Amino acid sequence: MALTPELRTQAKWKEIAGIPLGAATVDNWNQIQAFRAKPDDLLICTYPKSGTTWIQEIVDMIEQNGDVEKCQRDVIEHRHPFIEWARPPHPDYPGTHYVDQAGLELTEVSNEMPSPRILKTHLSTQLLPPSFWTSNCKFLYVARNAKDCMVSYYHFYRMNQVLPDPGTWDEYFETFISGKVYWGSWFDHVRGWWEIRDRYQILFLFYEDMKRDPKREIQKVMQFMGKNLDEAVLDRIVQETSFERMKENPMTNRSTVPKSLLDQSISPFMRKGTVGDWKNHFTVAQNEKFDEIYRQKMKGTSINFCMEL
Ligand code: PPS
């Protein structure tokens, strides 16, 4: 059943350390924090709307040695457990193979996954279950420039029927800047992961680089995963993970998710997949305001984003 506009406005999140998260995630927080990572785990880490689905498909294609059929074995959101995700069961959308009765994805069952396990999170460094730090596993972080991320998240909020209504673009603009969106502030998230990138096994990638030169970035991922694939396989992966292919692919485009959860008639999950769409949304005044806030919040970091290609 779809939420009415009134219920959507009231849709509640809860907070951990001031960071909004789904209520079911917070209700299961102790169990999530107690998860035991393994040294050969690979954790895909992103702020929402930064290219998570794209890097998941790339990682799976590499893991399956470019075998397209194997990557069709399940929808992308069920191939890699989403470690902090929990939601009440939905009759038309049962969840992953690893989900437990409380709707929690990361359970003892996922401990039985064959290694190396590939897992996914949107958590900031401060909220990650501690065993990920002590087990010395691999982290693959993808960052996307804040303005495009904000635009993509806005359209996702509009179409995602279980998130609160984002209001108008102008209203949402303020909400995003304040960090009161699911998984918190873009600034804190990106900064947090960037600052520890040399202390752990972290491959830090940028969405914009993946757009500019997908083959080079896919090669980096391949090396990071300890794989060696020949040119023809790499070319196939580039082709199969292009926006156009993934938009048409029912295993990656979320078309199997019921409309009562994701209403793609409002905005498709695979929306534009470009760099620079923020220019179609930001007013001149918003752009100036955002640049000033960015300067303050990212002061002292060496990170550099490409804002258009
Ligand atoms: S989520 O809900 O957080 O998991 O979303 P996420 O997958 O991180 O981000 C969705 C945005 O990524 C775009 N996308 C792609 N861009 C380029 N190439 C490929 N293959 C690709 N796959 C997904 C998707 O279109 C969303 O961005 P926008 O700007 O909204 O189009």
# chains A, B, ... in the order shown; residues from 1 in each chain; ligands from 1

call {"tool": "closest_atom_pairs", "arguments": {"of": "chain A", "to": "ligand 1", "cutoff": "6 Å", "atoms": "only C-alpha atoms and all ligand atoms", "output": "Markdown table"}}
result
| residue | atom | partner | partner_atom_place_in_ligand_line | distance |
| --- | --- | --- | --- | --- |
| A:Pro48 | CA | ligand 1 | 3 (O) | 3.4 |
| A:Lys49 | CA | ligand 1 | 9 (O) | 3.2 |
| A:Ser50 | CA | ligand 1 | 8 (O) | 4.2 |
| A:Gly51 | CA | ligand 1 | 8 (O) | 3.8 |
| A:Thr52 | CA | ligand 1 | 8 (O) | 3.6 |
| A:Thr53 | CA | ligand 1 | 7 (O) | 3.7 |
| A:Trp54 | CA | ligand 1 | 22 (N) | 4.3 |
| A:Ser152 | CA | ligand 1 | 30 (O) | 3.7 |
| A:Thr241 | CA | ligand 1 | 20 (N) | 5.0 |
| A:Ser242 | CA | ligand 1 | 20 (N) | 4.3 |
| A:Phe243 | CA | ligand 1 | 20 (N) | 3.5 |
| A:Met246 | CA | ligand 1 | 20 (N) | 5.6 |
| A:Met270 | CA | ligand 1 | 25 (O) | 3.7 |
| A:Arg271 | CA | ligand 1 | 31 (O) | 3.6 |
| A:Lys272 | CA | ligand 1 | 31 (O) | 3.5 |
| A:Gly273 | CA | ligand 1 | 16 (N) | 3.5 |
| A:Thr274 | CA | ligand 1 | 29 (O) | 5.9 |

call {"tool": "write_last_selection", "arguments": {"atoms": "N, CA and C atoms", "output": "mmCIF file, in the first residue's frame"}}
result
data_model
loop_
_atom_site.group_PDB
_atom_site.id
_atom_site.type_symbol
_atom_site.label_atom_id
_atom_site.label_comp_id
_atom_site.auth_asym_id
_atom_site.auth_seq_id
_atom_site.Cartn_x
_atom_site.Cartn_y
_atom_site.Cartn_z
ATOM 1 N N PRO A 48 24.765 7.987 -0.055
ATOM 2 C CA PRO A 48 23.714 7.651 -1.022
ATOM 3 C C PRO A 48 23.803 8.479 -2.308
ATOM 4 N N LYS A 49 23.456 7.845 -3.386
ATOM 5 C CA LYS A 49 23.361 8.450 -4.727
ATOM 6 C C LYS A 49 24.719 8.840 -5.334
ATOM 7 N N SER A 50 25.756 8.132 -4.908
ATOM 8 C CA SER A 50 27.105 8.450 -5.400
ATOM 9 C C SER A 50 27.613 7.454 -6.441
ATOM 10 N N GLY A 51 26.751 6.504 -6.840
ATOM 11 C CA GLY A 51 27.192 5.499 -7.804
ATOM 12 C C GLY A 51 27.341 4.115 -7.184
ATOM 13 N N THR A 52 26.594 3.878 -6.109
ATOM 14 C CA THR A 52 26.647 2.593 -5.398
ATOM 15 C C THR A 52 26.297 1.427 -6.330
ATOM 16 N N THR A 53 25.170 1.553 -6.998
ATOM 17 C CA THR A 53 24.686 0.472 -7.857
ATOM 18 C C THR A 53 25.679 0.222 -8.991
ATOM 19 N N TRP A 54 26.233 1.283 -9.497
ATOM 20 C CA TRP A 54 27.200 1.200 -10.591
ATOM 21 C C TRP A 54 28.452 0.434 -10.136
ATOM 22 N N SER A 152 20.477 14.205 -7.272
ATOM 23 C CA SER A 152 20.069 12.807 -7.419
ATOM 24 C C SER A 152 19.263 12.352 -6.193
ATOM 25 N N THR A 241 28.469 -2.182 -17.985
ATOM 26 C CA THR A 241 28.191 -1.335 -16.820
ATOM 27 C C THR A 241 27.964 0.127 -17.219
ATOM 28 N N SER A 242 27.788 0.363 -18.519
ATOM 29 C CA SER A 242 27.470 1.733 -18.950
ATOM 30 C C SER A 242 26.078 2.097 -18.429
ATOM 31 N N PHE A 243 25.826 3.378 -18.292
ATOM 32 C CA PHE A 243 24.515 3.836 -17.810
ATOM 33 C C PHE A 243 23.393 3.279 -18.688
ATOM 34 N N MET A 246 22.817 -0.436 -18.013
ATOM 35 C CA MET A 246 22.267 -0.698 -16.683
ATOM 36 C C MET A 246 20.842 -0.157 -16.537
ATOM 37 N N MET A 270 17.351 4.845 -12.432
ATOM 38 C CA MET A 270 18.430 5.202 -13.360
ATOM 39 C C MET A 270 17.963 6.478 -14.064
ATOM 40 N N ARG A 271 18.254 7.591 -13.484
ATOM 41 C CA ARG A 271 17.629 8.849 -13.887
ATOM 42 C C ARG A 271 18.362 9.493 -15.056
ATOM 43 N N LYS A 272 19.559 10.029 -14.834
ATOM 44 C CA LYS A 272 20.330 10.658 -15.920
ATOM 45 C C LYS A 272 21.734 10.094 -16.006
ATOM 46 N N GLY A 273 22.337 9.844 -14.856
ATOM 47 C CA GLY A 273 23.691 9.274 -14.847
ATOM 48 C C GLY A 273 24.736 10.187 -15.463
ATOM 49 N N THR A 274 24.641 11.485 -15.185
ATOM 50 C CA THR A 274 25.577 12.443 -15.787
ATOM 51 C C THR A 274 26.309 13.255 -14.709
#

call {"tool": "residues_around", "arguments": {"residues": "Asp230 (chain A)", "least_positions_apart": "5", "cutoff": "10 Å", "atoms": "only C-alpha atoms", "output": "ChimeraX atom specification"}}
result
/A:65-66,235

call {"tool": "write_last_selection", "arguments": {"atoms": "N, CA and C atoms", "output": "PDB file, in the first residue's frame"}}
result
ATOM      1  N   ASN A  65      34.414 -12.686 -13.350  1.00  0.00           N
ATOM      2  CA  ASN A  65      35.315 -12.729 -14.518  1.00  0.00           C
ATOM      3  C   ASN A  65      34.611 -12.321 -15.814  1.00  0.00           C
ATOM      4  N   GLY A  66      33.704 -11.339 -15.705  1.00  0.00           N
ATOM      5  CA  GLY A  66      33.037 -10.807 -16.895  1.00  0.00           C
ATOM      6  C   GLY A  66      31.905 -11.674 -17.414  1.00  0.00           C
ATOM      7  N   ASP A 235      36.887  -4.761 -21.546  1.00  0.00           N
ATOM      8  CA  ASP A 235      36.039  -4.001 -22.475  1.00  0.00           C
ATOM      9  C   ASP A 235      34.572  -4.394 -22.319  1.00  0.00           C
TER      10      ASP A 235
END

call {"tool": "atom_distance", "arguments": {"atom1": "CA of Ile218 (chain A)", "atom2": "CA of Thr125 (chain A)"}}
result
24.3 Å

call {"tool": "atom_distance", "arguments": {"atom1": "CA of Ile177 (chain A)", "atom2": "CA of Ser260 (chain A)"}}
result
28.1 Å

call {"tool": "select_by_dssp", "arguments": {"residues": "region 7-256 of chain A", "states": "strand (DSSP E or B)", "output": "ChimeraX atom specification"}}
result
/A:13-16,19-22,42-46,82,86,90,93,104,118-121,138-143,160,201-206

call {"tool": "closest_atom_pairs", "arguments": {"of": "region 1-63 of chain A", "to": "region 199-206 of chain A", "cutoff": "10 Å", "atoms": "only C-alpha atoms", "output": "JSON lines"}}
result
{"residue": "A:Leu42", "atom": "CA", "partner": "A:Gln201", "partner_atom": "CA", "distance": 9.8}
{"residue": "A:Leu43", "atom": "CA", "partner": "A:Ile202", "partner_atom": "CA", "distance": 9.5}
{"residue": "A:Ile44", "atom": "CA", "partner": "A:Leu203", "partner_atom": "CA", "distance": 9.7}
{"residue": "A:Cys45", "atom": "CA", "partner": "A:Phe204", "partner_atom": "CA", "distance": 9.5}
{"residue": "A:Ser50", "atom": "CA", "partner": "A:Phe206", "partner_atom": "CA", "distance": 8.6}
{"residue": "A:Gly51", "atom": "CA", "partner": "A:Phe206", "partner_atom": "CA", "distance": 9.0}
{"residue": "A:Ile55", "atom": "CA", "partner": "A:Leu205", "partner_atom": "CA", "distance": 9.7}

call {"tool": "write_last_selection", "arguments": {"atoms": "N, CA and C atoms", "output": "tab-separated table (two decimals), in the first residue's frame"}}
result
chain	number	residue	atom	x	y	z
A	42	LEU	N	35.24	-7.43	1.39
A	42	LEU	CA	35.35	-6.17	0.63
A	42	LEU	C	34.08	-5.39	0.91
A	43	LEU	N	34.22	-4.19	1.48
A	43	LEU	CA	33.05	-3.39	1.82
A	43	LEU	C	32.96	-2.20	0.86
A	44	ILE	N	31.87	-2.16	0.11
A	44	ILE	CA	31.59	-1.04	-0.80
A	44	ILE	C	30.95	0.07	0.04
A	45	CYS	N	31.57	1.24	0.05
A	45	CYS	CA	31.11	2.33	0.92
A	45	CYS	C	30.79	3.56	0.07
A	50	SER	N	25.76	8.13	-4.91
A	50	SER	CA	27.11	8.45	-5.40
A	50	SER	C	27.61	7.45	-6.44
A	51	GLY	N	26.75	6.50	-6.84
A	51	GLY	CA	27.19	5.50	-7.80
A	51	GLY	C	27.34	4.12	-7.18
A	55	ILE	N	29.02	0.82	-8.98
A	55	ILE	CA	30.24	0.14	-8.53
A	55	ILE	C	29.91	-1.29	-8.10

call {"tool": "closest_residue", "arguments": {"among": "A:Asp27, A:Glu174, A:Asp60, A:Glu308", "to": "Asp148 (chain A)", "atoms": "only C-alpha atoms"}}
result
A:Glu308

call {"tool": "residues_around", "arguments": {"residues": "Lys14 (chain A)", "least_positions_apart": "5", "cutoff": "9 Å", "atoms": "only C-alpha atoms", "output": "list in words"}}
result
Ile19, Pro20, Leu21, Gly22, Ala23, Ala24, Thr25, Val26 and Asp27 of chain A

call {"tool": "write_last_selection", "arguments": {"atoms": "all heavy atoms", "output": "CSV table (one decimal), in the first residue's frame"}}
result
chain,number,residue,atom,x,y,z
A,19,ILE,N,22.7,11.5,13.4
A,19,ILE,CA,22.6,11.1,12.0
A,19,ILE,C,21.3,10.3,11.8
A,19,ILE,O,21.1,9.3,12.4
A,19,ILE,CB,23.8,10.2,11.6
A,19,ILE,CG1,25.1,11.1,11.7
A,19,ILE,CG2,23.7,9.7,10.2
A,19,ILE,CD1,26.4,10.3,11.4
A,20,PRO,N,20.4,10.9,10.9
A,20,PRO,CA,19.2,10.2,10.6
A,20,PRO,C,19.4,8.9,9.9
A,20,PRO,O,20.2,8.8,8.9
A,20,PRO,CB,18.4,11.2,9.7
A,20,PRO,CG,19.1,12.5,9.8
A,20,PRO,CD,20.5,12.2,10.2
A,21,LEU,N,18.7,7.8,10.4
A,21,LEU,CA,18.8,6.5,9.8
A,21,LEU,C,17.4,5.9,9.9
A,21,LEU,O,16.6,6.4,10.7
A,21,LEU,CB,19.7,5.6,10.6
A,21,LEU,CG,21.2,5.9,10.6
A,21,LEU,CD1,22.0,5.2,11.6
A,21,LEU,CD2,21.8,5.7,9.2
A,22,GLY,N,17.1,4.9,9.1
A,22,GLY,CA,15.8,4.3,9.1
A,22,GLY,C,15.5,3.8,10.5
A,22,GLY,O,16.4,3.3,11.2
A,23,ALA,N,14.2,3.9,11.0
A,23,ALA,CA,13.9,3.5,12.3
A,23,ALA,C,14.3,2.0,12.6
A,23,ALA,O,14.8,1.7,13.7
A,23,ALA,CB,12.4,3.7,12.6
A,24,ALA,N,14.0,1.1,11.6
A,24,ALA,CA,14.3,-0.3,11.8
A,24,ALA,C,15.9,-0.5,12.0
A,24,ALA,O,16.3,-1.4,12.7
A,24,ALA,CB,13.8,-1.1,10.7
A,25,THR,N,16.6,0.3,11.3
A,25,THR,CA,18.1,0.2,11.5
A,25,THR,C,18.5,0.6,12.9
A,25,THR,O,19.3,-0.1,13.5
A,25,THR,CB,18.8,1.2,10.5
A,25,THR,OG1,18.5,0.7,9.1
A,25,THR,CG2,20.3,1.3,10.7
A,26,VAL,N,17.9,1.7,13.4
A,26,VAL,CA,18.3,2.1,14.7
A,26,VAL,C,17.8,1.1,15.8
A,26,VAL,O,18.5,0.8,16.7
A,26,VAL,CB,17.7,3.5,15.0
A,26,VAL,CG1,17.9,4.0,16.4
A,26,VAL,CG2,18.3,4.5,14.0
A,27,ASP,N,16.6,0.5,15.5
A,27,ASP,CA,16.0,-0.5,16.5
A,27,ASP,C,16.9,-1.7,16.5
A,27,ASP,O,16.9,-2.4,17.5
A,27,ASP,CB,14.6,-0.9,16.1
A,27,ASP,CG,13.6,0.3,16.2
A,27,ASP,OD1,14.0,1.2,16.9
A,27,ASP,OD2,12.6,0.2,15.6

call {"tool": "select_by_dssp", "arguments": {"residues": "region 43-216 of chain A", "states": "alpha helix (DSSP H)", "output": "PyMOL selection string"}}
result
chain A and resi 52-63+68-71+76-79+131-134+146-159+169-178+186-195+207-212+214-216

call {"tool": "closest_residue", "arguments": {"among": "A:Arg144, A:Arg117, A:His80, A:His122", "to": "Tyr182 (chain A)", "atoms": "only C-alpha atoms"}}
result
A:His122

call {"tool": "residues_around", "arguments": {"residues": "Leu128 (chain A)", "least_positions_apart": "6", "cutoff": "9 Å", "atoms": "only C-alpha atoms", "output": "short mmCIF file (atom, residue, chain, number, x, y, z; two decimals) with all heavy atoms, in the first residue's frame"}}
result
data_model
loop_
_atom_site.label_atom_id
_atom_site.label_comp_id
_atom_site.auth_asym_id
_atom_site.auth_seq_id
_atom_site.Cartn_x
_atom_site.Cartn_y
_atom_site.Cartn_z
N ILE A 32 23.71 -4.70 14.63
CA ILE A 32 24.52 -4.23 13.49
C ILE A 32 25.95 -3.95 13.97
O ILE A 32 26.93 -4.36 13.32
CB ILE A 32 23.87 -2.98 12.85
CG1 ILE A 32 22.55 -3.35 12.19
CG2 ILE A 32 24.82 -2.31 11.85
CD1 ILE A 32 21.67 -2.18 11.80
N GLN A 33 26.07 -3.28 15.09
CA GLN A 33 27.41 -2.93 15.59
C GLN A 33 28.22 -4.16 15.99
O GLN A 33 29.44 -4.14 15.98
CB GLN A 33 27.26 -1.99 16.81
CG GLN A 33 26.86 -0.59 16.43
CD GLN A 33 27.92 0.13 15.61
OE1 GLN A 33 29.02 0.36 16.08
NE2 GLN A 33 27.60 0.48 14.37
N GLU A 84 23.71 -2.25 7.15
CA GLU A 84 22.89 -1.59 8.19
C GLU A 84 21.41 -1.58 7.82
O GLU A 84 20.61 -0.95 8.50
CB GLU A 84 23.37 -0.15 8.44
CG GLU A 84 23.09 0.87 7.32
CD GLU A 84 24.19 0.87 6.26
OE1 GLU A 84 24.88 -0.15 6.11
OE2 GLU A 84 24.33 1.91 5.56
N THR A 121 27.65 -0.58 2.32
CA THR A 121 27.18 0.30 3.40
C THR A 121 27.11 1.74 2.92
O THR A 121 27.83 2.14 2.00
CB THR A 121 28.12 0.23 4.63
OG1 THR A 121 27.52 0.96 5.70
CG2 THR A 121 29.49 0.83 4.36
#

call {"tool": "closest_residue", "arguments": {"among": "A:Lys120, A:Lys299, A:Lys227, A:Lys180", "to": "Gly18 (chain A)", "atoms": "only C-alpha atoms"}}
result
A:Lys180

call {"tool": "closest_residue", "arguments": {"among": "A:Gly167, A:Arg191, A:Gln219, A:Met251", "to": "Gly300 (chain A)", "atoms": "only C-alpha atoms"}}
result
A:Arg191
